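Everything on this sheet refers to the single structure shown next.
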Amino acid sequence: RRSSDLKDKKFTEAINYYEKALDLRNHNHDVNKPEEINDKEEITGIYSNLGRSYFQQKQPEQAMKFFQKANRTLLSEAKRNELLIAENWIQMGNVRFQQKEYDDARELYNDALKMQRKALQDETHETILQTCHDIALTHLKEGHYEKGLEIMEDVLKNKKEGEQKDLYLVRIYFDIIATYLKLKRGQKVKSHLRVSAQLLDDLKVPDNHPYRKKQMKYEAKLCKTPGMISN
């Protein structure tokens, strides 16, 4: 509980800081000619940070308001930065996801993915993988398990092609494992758990790390869940 209170305090302080920065910016525009001020990058950052802070405080409508303001500023640029626009759309998608509006979240993620693919042209790039991962999660949340797993397994394949072992790779395995547990596909759970356990060892993840605890939880659930099938 103390940890949660400290986080709440941190994000409240962040909101106060960025609100003051926004007030200063607006005052600057009041006393100077707007055409003489080029602060679009700064104001986009303020809007985005306010959006993230409100999102962490679980105030989705306030978060969306500032992400939309950031979006309007980004789209008004003569030379658009598509990766920044895509990142902002993902943030808006995260808000809709938090509100359990999975169709709207998926639409924003898909639009962002198109921009990312055009800019990066690399299916193994972590930015693209994480957006595909988010899209998969929207399907899983709606109970479309086969579609979600299809996308997630593709994310896993592309991540492994990048040959980088890290905790994000473990997270992909865990999300797949959680879904196979729901579907009671015991053999799939076992094979993925073996790999995730080896990854945690290879990465020298300490025993008190949350991912170690999650690994143990999934292993225990595999043993306790009745009706597990072998495929």
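By order in the structure tokens, chains are A, B, ...; within a chain, residues start at 1; ligands start at 1, following the order shown.
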
Inset, instruction - Run DSSP on the backbone of this structure and report the residues of region 11-227 of chain A it assigns to alpha helix (DSSP H), as a VMD selection string. - result: chain A and resid 11 to 31 40 to 56 60 to 75 82 to 98 102 to 120 126 to 141 145 to 161 167 to 182 186 to 202 210 to 224

Inset, instruction - Within 12 Å of Thr131 (chain A), counting only C-alpha atoms, which residues show up once you throw out same-chain ones fewer than 4 positions away? Write them as a ChimeraX atom specification, please. - result: /A:86-87,89-91,93-94,105-117,123-127,135-138,151-152,155

For the contact check between region 105-179 of chain A and region 197-210 of chain A, emit one row per residue of region 105-179 of chain A within 10 Å, containing the shortest atom pair and the distance in Å rounded to one decimal, counting only C-alpha atoms, chain then rising number order, as JSON lines.
{"residue": "A:Lys165", "atom": "CA", "partner": "A:Leu199", "partner_atom": "CA", "distance": 7.4}
{"residue": "A:Asp166", "atom": "CA", "partner": "A:Leu203", "partner_atom": "CA", "distance": 7.0}
{"residue": "A:Leu167", "atom": "CA", "partner": "A:Leu200", "partner_atom": "CA", "distance": 8.1}
{"residue": "A:Leu169", "atom": "CA", "partner": "A:Leu199", "partner_atom": "CA", "distance": 8.5}
{"residue": "A:Val170", "atom": "CA", "partner": "A:Leu199", "partner_atom": "CA", "distance": 6.9}
{"residue": "A:Tyr173", "atom": "CA", "partner": "A:Leu199", "partner_atom": "CA", "distance": 10.0}

Legend entry - Test item: residues at most 12 Å from Leu75 (chain A), only C-alpha atoms, excluding those fewer than 5 positions along its chain, as JSON, numbers by chain: {"A": [40, 41, 44, 68, 69, 70, 80, 81, 82, 83, 84, 85, 86, 88, 89]}

Inset, instruction - Give me, please, the distance in Å between CA of Thr73 (chain A) and CA of Tyr47 (chain A), quoted to one decimal. - result: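 So the answer is 9.4 Å.
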